[in-house]
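Following: one structure in structure tokens, then a few remarks.
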Amino acid sequence: MPGTESAFPIDLGKFKKLKLDPSKPQLSDDERTTLRANIELLRDAIVLFTATGAARGVSGHTGGAFDTVPEVCILLSLFDFSEKFHPIIFDEAGHRVATQYLLAVMEGALPAEHLLHYREANSKLPGHPELGLTPGIKFSSGRLGHMWSLVNGIALANRDKTVFMLGSDGSQQEGDDAEAARLAVAQGLNVKLLIDDNDVTIAGHPSQYLKGYELPKTLNGHGLKVVTVQGEDLDALWGGVHEILNYNGPAAVIVKRKMAPGVDSIEGSPHGHDVIPVKAAINYLEKRGYPAAISSDILLNIKPSGVPYVYEGSSKETAANRVEFGEAVSRVLDGFSKEENAKKVLVIDSDLEGSTGLKVIHTKHPEVFLPSGIMERGNFSAAAGFGFEAGKFGVFSTFAAFLEMVVSEITMARLNNCNVLSHFSHSGVDEMADNTCHFGINNFFGDNGLSDAQSWLYFPADAAQMDAVIKRVFFERGIRFVFSTRAKVPYILREDGSRFYGKDYEFVPGKDDIIVEGTEGYVVSFGEMLYRSYDAVLRLRGQGMNIGLINKTTLNLVDENVIRKIGTSPFVLVVESQNQKTGLGSKFGTWLLERRLTPKYGYMGTLKEGCGGLQEQIPHQGLDPQSIIVKIKQLSQ
């Protein structure tokens, strides 16, 4: 049967258990042969099932998991040899989750066929491993480069065992790892790292954009025992593992290799960081000797899923606000000479320029662009520091989930009156296949100053408003935050079909927009939830309910005129995809009561872990238009 109903066509039962003695520095011919066969088997499986993510349009990551299969096979052989090894393969690069799902199948926690639902909504196979969600998963990796410190604690709790962690040259750029290294060395922890050093991250090659960063020197400097080997040479790789296991204390094997070795079209390329294209996967498996039908019958019969829903009040045309941010900044910079721009503006990337819109700036205005590594804390502070002087402005961008990582640096920038504009894309939960650890739902953490220190949080509703926001606030002083989503959004329309945020629109910070007036209550929303709320409001108006809608683009300032208007209506409902505990809804009720305004009040936001997939995340949280309609009717009673 074609598609995901097929039996898994690669026989994982061919995997042969192997016991490797760490006291022996060399592999026997039989051990080497068995190890190589196991590696090829698991790599073939990873190529096949990760390619289903490409087929269904949910992306995924092939190269990292493909790379580290030799290390995984060696660790499994050590676990079978002795109980002195902690039997979990921790990994600080959560996007290599394909490894963990494959291990869950091999241990019998999942059927192999279920791998064909990789990253599919409600499959419990999201883009990062989540403890308690997927059978057989033994840890949550969280965000990149956050695992080593936790592994240190596991080693402290199990001093009689050796604890392993897979690392990468990307994840090791995070500052957390420097702190973890110092603790591991100071306490003599028996932590052993196997670090895939393939010189590839999302935006390019660390050897080019982060000159001077060399893992052996870095870890040696912290005091670890370090061995560097060529990862595709099994004898060298085993020799390195043997050496660190016979060293008492924290140690690392730096495993040099190209990204996705031997896989045409993605080998050695940043494309290998993402999911392998379907055609490339089929070609690879054919070259490996599998009949074409084995992969093509599955992969060519998986199609992206869609939601055939026509929203009222917004356009069929959509645009990516995260990309529009870069376009809008570039249009501002177009008004000045390259020399002027270079003197007063610095844009710092954190290896996500293609995802957060900065690639546009890199291409059009290289004079202001600084490519940097996966070092959000340091990069934010550098951008803020550039804006320390009057007339200079730093620009920083990363995913909204990582705002939580730079809260202390935000305080530092505020204390120093720095001028920094931060764009946090991938806000909310919409189309977040990477799932819960990548939800950008605590954006209000950016507004962490005291009442006498102002910062500004802006969340435009569509690309036209994004352009207007950037045009107005780019050269304003202080700390400014602009948010966008991973998913594209439509344009908000007026009753006559014209764009609400047309050419004549000018954004005013702190001013809420009345999208439509109402007498029976108001919905307050922003960002990607505005067009969904608008749809709900218009459908109810069609049923005779006179409900109004407010676009609160400036999230953390009260528009006194608007709040008094809606506060004297029968009810107010805040609809957002931010964390229900920390978002606008958790504050707006207080703002009403402080003004002695007492309408019925409700708020809707993200309240539970994700379901994986893309557009399915919004209804999973109960934030789809029909759920909004139900909530409005409840408040209207």
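By order in the structure tokens, chains are A, B, ...; within a chain, residues start at 1; ligands start at 1, following the order shown.
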Might you pull out every residue within 9 Å of Thr485 (chain A), with only C-alpha atoms counted and same-chain residues fewer than 4 positions away left off, and present them as an MDAnalysis selection string? chainID A and resid 320:322 400 424:431 440 489 527:528
Grab the residues selected above and save them as a compact mmCIF listing (two decimals), in the first residue's frame with N, CA and C atoms.
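Writing the result to out-v6.txt gives the following:
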# COMPACT_ATOMS: atom_id res chain seq x y z
N ALA A 320 4.93 36.95 4.20
CA ALA A 320 5.67 36.58 5.41
C ALA A 320 6.17 37.84 6.11
N ASN A 321 5.59 38.16 7.25
CA ASN A 321 6.03 39.35 7.98
C ASN A 321 7.50 39.27 8.38
N ARG A 322 7.98 38.05 8.64
CA ARG A 322 9.39 37.91 9.04
C ARG A 322 10.33 38.32 7.90
N ALA A 400 11.58 34.04 18.42
CA ALA A 400 10.96 34.56 19.63
C ALA A 400 11.15 33.64 20.83
N PHE A 424 11.95 39.55 16.67
CA PHE A 424 11.80 38.16 17.10
C PHE A 424 10.74 37.50 16.22
N SER A 425 11.21 36.71 15.26
CA SER A 425 10.30 36.00 14.38
C SER A 425 9.85 34.70 15.03
N HIS A 426 9.00 33.94 14.32
CA HIS A 426 8.49 32.66 14.83
C HIS A 426 7.80 32.83 16.18
N SER A 427 7.11 33.98 16.34
CA SER A 427 6.34 34.20 17.56
C SER A 427 5.08 33.34 17.54
N GLY A 428 4.57 33.05 18.72
CA GLY A 428 3.36 32.26 18.83
C GLY A 428 3.60 30.79 18.54
N VAL A 429 2.58 30.14 17.97
CA VAL A 429 2.66 28.69 17.74
C VAL A 429 2.33 28.31 16.30
N ASP A 430 1.93 29.26 15.48
CA ASP A 430 1.44 28.96 14.14
C ASP A 430 2.54 28.34 13.28
N GLU A 431 2.24 27.16 12.74
CA GLU A 431 3.16 26.42 11.86
C GLU A 431 4.49 26.07 12.53
N GLY A 440 7.21 30.65 20.53
CA GLY A 440 7.60 32.01 20.94
C GLY A 440 6.45 32.66 21.68
N VAL A 489 0.84 35.55 6.67
CA VAL A 489 -0.47 36.09 7.08
C VAL A 489 -1.08 36.85 5.91
N GLY A 527 -1.26 40.69 15.68
CA GLY A 527 -0.43 39.71 14.97
C GLY A 527 -1.24 38.74 14.14
N GLU A 528 -0.82 37.47 14.15
CA GLU A 528 -1.46 36.45 13.32
C GLU A 528 -2.83 36.04 13.83
DSSP helix (DSSP H, G or I) residues within region 343-526 of chain A, as a VMD selection string: chain A and resid 343 to 344 353 to 356 358 to 364 366 to 368 376 to 386 400 to 415 436 to 438 443 to 446 463 to 473
Identify which of the residues A:Gly63, A:Gly478, A:Pro570, A:Gly132 lies closest to Asp264 (chain A), counting only C-alpha atoms when measuring atom-to-atom distances.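 Closest candidate: A:Gly63.
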Tell me, as a tab-separated table (two decimals) with N, CA, C and O atoms, in the first residue's frame, which residues lie within 10 Å of region 114-119 of chain A, counting only C-alpha atoms; anything in the same chain fewer than 6 positions away does not count.
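Result saved to out-v3.tsv:
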chain	number	residue	atom	x	y	z
A	3	GLY	N	2.29	5.34	0.25
A	3	GLY	CA	2.18	6.38	1.26
A	3	GLY	C	2.50	5.90	2.65
A	3	GLY	O	3.21	4.92	2.86
A	4	THR	N	1.94	6.61	3.63
A	4	THR	CA	2.27	6.33	5.03
A	4	THR	C	1.63	5.05	5.56
A	4	THR	O	1.94	4.63	6.67
A	5	GLU	N	0.74	4.44	4.77
A	5	GLU	CA	0.15	3.18	5.21
A	5	GLU	C	1.02	1.98	4.85
A	5	GLU	O	0.68	0.84	5.14
A	6	SER	N	2.15	2.27	4.20
A	6	SER	CA	3.06	1.19	3.81
A	6	SER	C	3.76	0.60	5.02
A	6	SER	O	3.92	1.24	6.07
A	7	ALA	N	4.20	-0.63	4.86
A	7	ALA	CA	5.13	-1.21	5.84
A	7	ALA	C	6.47	-0.50	5.69
A	7	ALA	O	6.82	-0.05	4.59
A	8	PHE	N	7.20	-0.36	6.78
A	8	PHE	CA	8.51	0.29	6.68
A	8	PHE	C	9.41	-0.62	5.84
A	8	PHE	O	9.66	-1.77	6.22
A	45	ALA	N	17.70	4.28	6.79
A	45	ALA	CA	16.40	4.50	7.42
A	45	ALA	C	16.16	5.98	7.67
A	45	ALA	O	15.05	6.50	7.44
A	46	ILE	N	17.18	6.70	8.14
A	46	ILE	CA	17.05	8.13	8.42
A	46	ILE	C	16.74	8.91	7.15
A	46	ILE	O	15.89	9.81	7.14
A	48	LEU	N	15.23	7.83	4.50
A	48	LEU	CA	13.87	7.54	4.07
A	48	LEU	C	12.83	8.27	4.90
A	48	LEU	O	11.97	8.99	4.37
A	49	PHE	N	12.87	8.11	6.22
A	49	PHE	CA	11.74	8.66	6.98
A	49	PHE	C	11.83	10.16	7.21
A	49	PHE	O	10.80	10.83	7.35
A	50	THR	N	13.04	10.73	7.20
A	50	THR	CA	13.08	12.19	7.30
A	50	THR	C	12.59	12.83	6.01
A	50	THR	O	12.00	13.92	6.03
A	51	ALA	N	12.78	12.14	4.88
A	51	ALA	CA	12.29	12.68	3.60
A	51	ALA	C	10.77	12.75	3.56
A	51	ALA	O	10.20	13.53	2.78
A	52	THR	N	10.08	11.99	4.41
A	52	THR	CA	8.62	12.14	4.47
A	52	THR	C	8.25	13.52	4.98
A	52	THR	O	7.18	14.05	4.65
A	53	GLY	N	9.12	14.12	5.80
A	53	GLY	CA	8.88	15.49	6.25
A	53	GLY	C	8.92	16.47	5.08
A	53	GLY	O	8.13	17.41	5.02
A	54	ALA	N	9.86	16.25	4.15
A	54	ALA	CA	9.91	17.09	2.95
A	54	ALA	C	8.66	16.88	2.11
A	54	ALA	O	8.07	17.84	1.59
A	56	ARG	N	5.63	16.00	3.00
A	56	ARG	CA	4.39	16.56	3.56
A	56	ARG	C	4.53	18.04	3.88
A	56	ARG	O	3.62	18.65	4.44
A	57	GLY	N	5.70	18.63	3.55
A	57	GLY	CA	5.85	20.07	3.67
A	57	GLY	C	6.10	20.58	5.07
A	57	GLY	O	5.90	21.77	5.34
A	58	VAL	N	6.55	19.71	5.98
A	58	VAL	CA	6.78	20.14	7.36
A	58	VAL	C	8.27	20.26	7.67
A	58	VAL	O	8.66	20.39	8.83
A	59	SER	N	9.09	20.19	6.63
A	59	SER	CA	10.54	20.31	6.78
A	59	SER	C	11.07	19.17	7.63
A	59	SER	O	10.53	18.07	7.62
A	60	GLY	N	12.13	19.44	8.37
A	60	GLY	CA	12.77	18.37	9.15
A	60	GLY	C	14.27	18.49	9.00
A	60	GLY	O	14.77	19.36	8.29
A	97	VAL	N	16.50	14.91	16.07
A	97	VAL	CA	15.53	14.05	16.74
A	97	VAL	C	15.30	12.73	16.00
A	97	VAL	O	14.86	11.75	16.61
A	98	ALA	N	15.58	12.67	14.70
A	98	ALA	CA	15.42	11.42	13.96
A	98	ALA	C	16.18	10.28	14.63
A	98	ALA	O	15.73	9.14	14.64
A	101	TYR	N	14.02	8.97	17.55
A	101	TYR	CA	12.87	8.19	17.11
A	101	TYR	C	13.30	6.82	16.59
A	101	TYR	O	12.62	5.81	16.82
A	102	LEU	N	14.43	6.78	15.93
A	102	LEU	CA	14.95	5.50	15.44
A	102	LEU	C	15.32	4.59	16.60
A	102	LEU	O	15.03	3.38	16.59
A	105	VAL	N	12.24	3.03	18.12
A	105	VAL	CA	11.77	1.88	17.33
A	105	VAL	C	12.62	0.65	17.62
A	105	VAL	O	12.10	-0.45	17.83
A	125	LEU	N	5.53	12.80	16.88
A	125	LEU	CA	6.89	12.78	16.36
A	125	LEU	C	7.28	14.21	15.95
A	125	LEU	O	7.56	14.48	14.77
A	126	PRO	N	7.29	15.16	16.90
A	126	PRO	CA	7.57	16.56	16.55
A	126	PRO	C	9.04	16.77	16.23
A	126	PRO	O	9.87	15.85	16.29
A	127	GLY	N	9.38	18.02	15.92
A	127	GLY	CA	10.71	18.34	15.45
A	127	GLY	C	11.81	18.33	16.49
A	127	GLY	O	12.99	18.45	16.14
A	128	HIS	N	11.48	18.20	17.76
A	128	HIS	CA	12.47	18.05	18.83
A	128	HIS	C	11.96	16.98	19.79
A	128	HIS	O	10.74	16.85	19.98
A	298	ILE	N	6.31	5.37	-1.39
A	298	ILE	CA	5.98	6.05	-0.13
A	298	ILE	C	6.05	7.56	-0.31
A	298	ILE	O	5.08	8.29	-0.10
A	299	LEU	N	7.21	8.05	-0.74
A	299	LEU	CA	7.46	9.49	-0.72
A	299	LEU	C	6.62	10.25	-1.74
A	299	LEU	O	6.17	11.38	-1.47
A	302	ILE	N	2.91	10.97	-0.52
A	302	ILE	CA	2.65	11.83	0.64
A	302	ILE	C	2.55	13.26	0.15
A	302	ILE	O	3.42	13.75	-0.56
A	433	ALA	N	6.39	23.38	13.60
A	433	ALA	CA	6.62	21.94	13.58
A	433	ALA	C	7.69	21.52	14.58
A	433	ALA	O	7.71	20.37	15.03
A	434	ASP	N	8.58	22.45	14.94
A	434	ASP	CA	9.59	22.14	15.94
A	434	ASP	C	8.98	21.98	17.32
A	434	ASP	O	9.63	21.50	18.24
A	435	ASN	N	7.77	22.43	17.46
A	435	ASN	CA	6.91	22.19	18.61
A	435	ASN	C	7.29	22.99	19.85
A	435	ASN	O	7.90	24.04	19.78
A	611	CYS	N	1.15	20.01	19.23
A	611	CYS	CA	0.76	18.75	18.60
A	611	CYS	C	1.63	18.43	17.40
A	611	CYS	O	1.39	17.45	16.69
A	612	GLY	N	2.65	19.28	17.13
A	612	GLY	CA	3.44	19.09	15.92
A	612	GLY	C	2.67	19.57	14.70
A	612	GLY	O	1.57	20.11	14.79
A	613	GLY	N	3.28	19.35	13.53
A	613	GLY	CA	2.64	19.78	12.31
A	613	GLY	C	2.74	21.28	12.11
A	613	GLY	O	3.57	21.96	12.72
A	614	LEU	N	1.89	21.82	11.25
A	614	LEU	CA	1.95	23.23	10.91
A	614	LEU	C	0.69	23.97	11.33
A	614	LEU	O	0.57	24.39	12.47
So that I can check the surroundings of region 498-512 of chain A, please list as a list in words every protein, DNA and RNA residue that reaches within 7 Å of it, counting only C-alpha atoms and ignoring chain neighbours fewer than 6 positions away. Ala464, Gln465, Ala468, Val469, Arg472, Tyr491, Ile492, Ile550, Asn551, Lys552, Thr553, Thr554, Leu557, Val558, Asp559 and Val562 of chain A
Just write the chosen residues, N, CA, C and O atoms, as a compact mmCIF listing (two decimals), in the first residue's frame.
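Contents of again.txt, as written:
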# COMPACT_ATOMS: atom_id res chain seq x y z
N ALA A 464 1.84 44.97 5.28
CA ALA A 464 1.70 46.41 5.07
C ALA A 464 1.90 47.17 6.39
O ALA A 464 2.55 48.22 6.43
N GLN A 465 1.35 46.62 7.48
CA GLN A 465 1.53 47.29 8.76
C GLN A 465 2.97 47.13 9.27
O GLN A 465 3.52 48.04 9.89
N ALA A 468 4.93 49.87 7.83
CA ALA A 468 4.63 51.15 8.47
C ALA A 468 5.28 51.24 9.85
O ALA A 468 5.77 52.31 10.25
N VAL A 469 5.27 50.15 10.59
CA VAL A 469 5.88 50.13 11.92
C VAL A 469 7.39 50.42 11.83
O VAL A 469 7.93 51.27 12.55
N ARG A 472 8.34 53.96 10.98
CA ARG A 472 8.15 54.92 12.08
C ARG A 472 9.18 54.73 13.19
O ARG A 472 9.72 55.72 13.71
N TYR A 491 -3.57 39.98 4.25
CA TYR A 491 -3.73 41.41 4.51
C TYR A 491 -5.12 41.67 5.08
O TYR A 491 -6.11 41.10 4.61
N ILE A 492 -5.17 42.53 6.08
CA ILE A 492 -6.45 42.92 6.67
C ILE A 492 -7.17 43.86 5.69
O ILE A 492 -6.56 44.81 5.17
N ILE A 550 -10.55 45.18 17.83
CA ILE A 550 -9.44 46.11 18.04
C ILE A 550 -8.12 45.41 17.67
O ILE A 550 -7.89 44.26 18.07
N ASN A 551 -7.26 46.10 16.92
CA ASN A 551 -5.90 45.62 16.67
C ASN A 551 -4.96 46.35 17.60
O ASN A 551 -4.71 47.55 17.45
N LYS A 552 -4.43 45.63 18.59
CA LYS A 552 -3.54 46.25 19.57
C LYS A 552 -2.09 45.97 19.17
O LYS A 552 -1.42 45.08 19.70
N THR A 553 -1.58 46.73 18.23
CA THR A 553 -0.24 46.51 17.69
C THR A 553 0.84 46.78 18.73
O THR A 553 1.83 46.04 18.82
N THR A 554 0.68 47.86 19.50
CA THR A 554 1.61 48.14 20.61
C THR A 554 1.11 47.36 21.82
O THR A 554 0.12 47.74 22.45
N LEU A 557 1.47 49.15 25.88
CA LEU A 557 1.02 50.50 26.24
C LEU A 557 -0.50 50.57 26.13
O LEU A 557 -1.09 49.99 25.23
N VAL A 558 -1.11 51.29 27.05
CA VAL A 558 -2.56 51.42 27.07
C VAL A 558 -2.98 52.63 26.23
O VAL A 558 -2.50 53.74 26.45
N ASP A 559 -3.86 52.38 25.27
CA ASP A 559 -4.49 53.47 24.53
C ASP A 559 -5.72 53.88 25.35
O ASP A 559 -6.74 53.17 25.36
N VAL A 562 -9.18 54.11 23.55
CA VAL A 562 -9.75 52.83 23.11
C VAL A 562 -10.18 51.99 24.31
O VAL A 562 -11.25 51.38 24.30
When you count only C-alpha atoms, which of these residues is closest to Leu75 (chain A): A:Ile479, A:Ile563, A:Leu193, A:Met529? A:Leu193
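For the choices A:Val420, A:Leu346, A:Ile195, A:Leu234, the atom-to-atom distance to Ile74 (chain A) is smallest for A:Leu234 when using only C-alpha atoms.
Of the listed residues (A:Cys437, A:Met466, A:Leu12, A:Ala181), A:Cys437 comes nearest to Glu130 (chain A); the distances count only C-alpha atoms.
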With distances taken over only C-alpha atoms, which residue among A:Pro261, A:Leu285, A:Gly391, A:Met405 lies nearest His146 (chain A)? A:Met405
Out of A:Gly142, A:Gly354, A:Gly239, A:Gly326, which residue has the shortest atom-to-atom distance to Asp467 (chain A) when counting only C-alpha atoms? A:Gly326
Interatomic distance, CA of Gln580 (chain A) to CA of Pro490 (chain A) (Å, one decimal):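 Pair CA of Gln580 (chain A) / CA of Pro490 (chain A) returns 24.4 Å.
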With only C-alpha atoms as the counted atoms, please give the residues lying no more than 7 Å from Ile137 (chain A), apart from itself and same-chain residues fewer than 6 positions off, as an mmCIF file with C-alpha atoms, in the first residue's frame.
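Done, and the output landed in around37.cif:
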data_model
loop_
_atom_site.group_PDB
_atom_site.id
_atom_site.type_symbol
_atom_site.label_atom_id
_atom_site.label_comp_id
_atom_site.auth_asym_id
_atom_site.auth_seq_id
_atom_site.Cartn_x
_atom_site.Cartn_y
_atom_site.Cartn_z
ATOM 1 C CA GLN A 100 15.924 9.408 19.027
ATOM 2 C CA ALA A 104 12.708 4.242 20.176
ATOM 3 C CA PRO A 129 12.383 15.179 21.356
ATOM 4 C CA GLU A 130 9.862 15.749 24.136
ATOM 5 C CA LEU A 131 9.926 13.601 27.250
#
For a test of reading the model, state the distance in Å between CA of Met165 (chain A) and CA of Phe380 (chain A), rounded to one decimal.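 Atom-to-atom, CA of Met165 (chain A) to CA of Phe380 (chain A), that is 28.1 Å.
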Enumerate, as a ChimeraX atom specification, the complete set of residues in region 127-338 of chain A that a backbone-based DSSP assignment places in strand (DSSP E). /A:163-168,191-197,225-230,251-256,314-319
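Distance-wise, CA of Arg36 (chain A) and CA of Lys161 (chain A) end up 27.2 Å apart.
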Near Lys14 (chain A), counting only C-alpha atoms, which residues have an atom at most 12 Å away, once you skip same-chain residues fewer than 6 positions from it, shown as a PDB file with N, CA and C atoms, in the first residue's frame?
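File produced: selection.pdb:
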ATOM      1  N   THR A  34      30.699  -5.423  11.079  1.00  0.00           N
ATOM      2  CA  THR A  34      29.367  -5.320  11.685  1.00  0.00           C
ATOM      3  C   THR A  34      29.003  -3.868  11.947  1.00  0.00           C
ATOM      4  N   LEU A  35      29.944  -3.111  12.449  1.00  0.00           N
ATOM      5  CA  LEU A  35      29.702  -1.702  12.739  1.00  0.00           C
ATOM      6  C   LEU A  35      29.338  -0.952  11.453  1.00  0.00           C
ATOM      7  N   ALA A  37      28.055  -2.121   8.680  1.00  0.00           N
ATOM      8  CA  ALA A  37      26.738  -2.556   8.193  1.00  0.00           C
ATOM      9  C   ALA A  37      25.622  -1.916   9.006  1.00  0.00           C
ATOM     10  N   ASN A  38      25.811  -1.829  10.314  1.00  0.00           N
ATOM     11  CA  ASN A  38      24.809  -1.187  11.166  1.00  0.00           C
ATOM     12  C   ASN A  38      24.656   0.296  10.820  1.00  0.00           C
ATOM     13  N   ILE A  39      25.783   0.942  10.576  1.00  0.00           N
ATOM     14  CA  ILE A  39      25.759   2.368  10.242  1.00  0.00           C
ATOM     15  C   ILE A  39      25.006   2.605   8.933  1.00  0.00           C
ATOM     16  N   GLU A  40      25.306   1.816   7.939  1.00  0.00           N
ATOM     17  CA  GLU A  40      24.651   1.979   6.642  1.00  0.00           C
ATOM     18  C   GLU A  40      23.150   1.729   6.756  1.00  0.00           C
ATOM     19  N   LEU A  41      22.770   0.734   7.548  1.00  0.00           N
ATOM     20  CA  LEU A  41      21.356   0.415   7.729  1.00  0.00           C
ATOM     21  C   LEU A  41      20.600   1.589   8.356  1.00  0.00           C
ATOM     22  N   LEU A  42      21.143   2.133   9.433  1.00  0.00           N
ATOM     23  CA  LEU A  42      20.447   3.217  10.133  1.00  0.00           C
ATOM     24  C   LEU A  42      20.460   4.505   9.315  1.00  0.00           C
ATOM     25  N   ALA A  45      17.703   4.278   6.792  1.00  0.00           N
ATOM     26  CA  ALA A  45      16.399   4.500   7.419  1.00  0.00           C
ATOM     27  C   ALA A  45      16.156   5.982   7.671  1.00  0.00           C
ATOM     28  N   MET A 106      13.928   0.845  17.676  1.00  0.00           N
ATOM     29  CA  MET A 106      14.830  -0.294  17.885  1.00  0.00           C
ATOM     30  C   MET A 106      14.639  -0.922  19.264  1.00  0.00           C
TER      31      MET A 106
END
Using only C-alpha atoms, determine which residues lie at most 7 Å from region 347-349 of chain A, disregarding the query and same-chain residues fewer than 3 positions distant; provide the list as a list in words. Leu352, Glu353, Val368, Phe369, Leu370, Pro371, Ser372, Asn379, Ala383, Gly394, Val395, Phe396 and Ser397 of chain A
Could the residues in this selection be saved with N, CA, C and O atoms as an mmCIF file, in the first residue's frame?
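Listing of part-v8.cif after writing:
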data_model
loop_
_atom_site.group_PDB
_atom_site.id
_atom_site.type_symbol
_atom_site.label_atom_id
_atom_site.label_comp_id
_atom_site.auth_asym_id
_atom_site.auth_seq_id
_atom_site.Cartn_x
_atom_site.Cartn_y
_atom_site.Cartn_z
ATOM 1 N N LEU A 352 20.615 32.863 11.578
ATOM 2 C CA LEU A 352 19.226 32.648 11.160
ATOM 3 C C LEU A 352 18.785 33.664 10.109
ATOM 4 O O LEU A 352 17.591 33.934 9.967
ATOM 5 N N GLU A 353 19.719 34.215 9.349
ATOM 6 C CA GLU A 353 19.348 35.314 8.451
ATOM 7 C C GLU A 353 18.273 34.921 7.442
ATOM 8 O O GLU A 353 17.402 35.723 7.094
ATOM 9 N N VAL A 368 26.034 47.213 6.472
ATOM 10 C CA VAL A 368 25.587 47.257 7.867
ATOM 11 C C VAL A 368 25.507 45.856 8.478
ATOM 12 O O VAL A 368 25.222 45.729 9.678
ATOM 13 N N PHE A 369 25.743 44.824 7.675
ATOM 14 C CA PHE A 369 25.447 43.454 8.111
ATOM 15 C C PHE A 369 26.675 42.763 8.708
ATOM 16 O O PHE A 369 27.769 42.807 8.140
ATOM 17 N N LEU A 370 26.455 42.108 9.856
ATOM 18 C CA LEU A 370 27.516 41.355 10.515
ATOM 19 C C LEU A 370 27.026 39.925 10.756
ATOM 20 O O LEU A 370 26.174 39.701 11.618
ATOM 21 N N PRO A 371 27.527 38.947 10.001
ATOM 22 C CA PRO A 371 27.141 37.552 10.258
ATOM 23 C C PRO A 371 27.827 37.054 11.516
ATOM 24 O O PRO A 371 29.015 37.305 11.734
ATOM 25 N N SER A 372 27.090 36.366 12.347
ATOM 26 C CA SER A 372 27.671 35.870 13.592
ATOM 27 C C SER A 372 27.103 34.487 13.901
ATOM 28 O O SER A 372 26.281 33.960 13.158
ATOM 29 N N ASN A 379 25.367 38.389 20.964
ATOM 30 C CA ASN A 379 25.004 39.164 19.781
ATOM 31 C C ASN A 379 24.025 40.275 20.109
ATOM 32 O O ASN A 379 24.134 41.390 19.589
ATOM 33 N N ALA A 383 24.809 44.269 19.615
ATOM 34 C CA ALA A 383 23.931 45.185 18.892
ATOM 35 C C ALA A 383 23.550 46.366 19.776
ATOM 36 O O ALA A 383 23.536 47.522 19.340
ATOM 37 N N GLY A 394 21.600 49.700 16.849
ATOM 38 C CA GLY A 394 21.846 48.283 16.625
ATOM 39 C C GLY A 394 20.566 47.561 16.268
ATOM 40 O O GLY A 394 19.476 47.937 16.727
ATOM 41 N N VAL A 395 20.687 46.538 15.448
ATOM 42 C CA VAL A 395 19.548 45.698 15.064
ATOM 43 C C VAL A 395 19.914 44.250 15.328
ATOM 44 O O VAL A 395 20.987 43.783 14.912
ATOM 45 N N PHE A 396 19.026 43.536 15.996
ATOM 46 C CA PHE A 396 19.256 42.140 16.377
ATOM 47 C C PHE A 396 18.038 41.328 15.991
ATOM 48 O O PHE A 396 16.910 41.833 16.027
ATOM 49 N N SER A 397 18.249 40.067 15.617
ATOM 50 C CA SER A 397 17.091 39.240 15.286
ATOM 51 C C SER A 397 17.371 37.767 15.567
ATOM 52 O O SER A 397 18.480 37.276 15.349
#
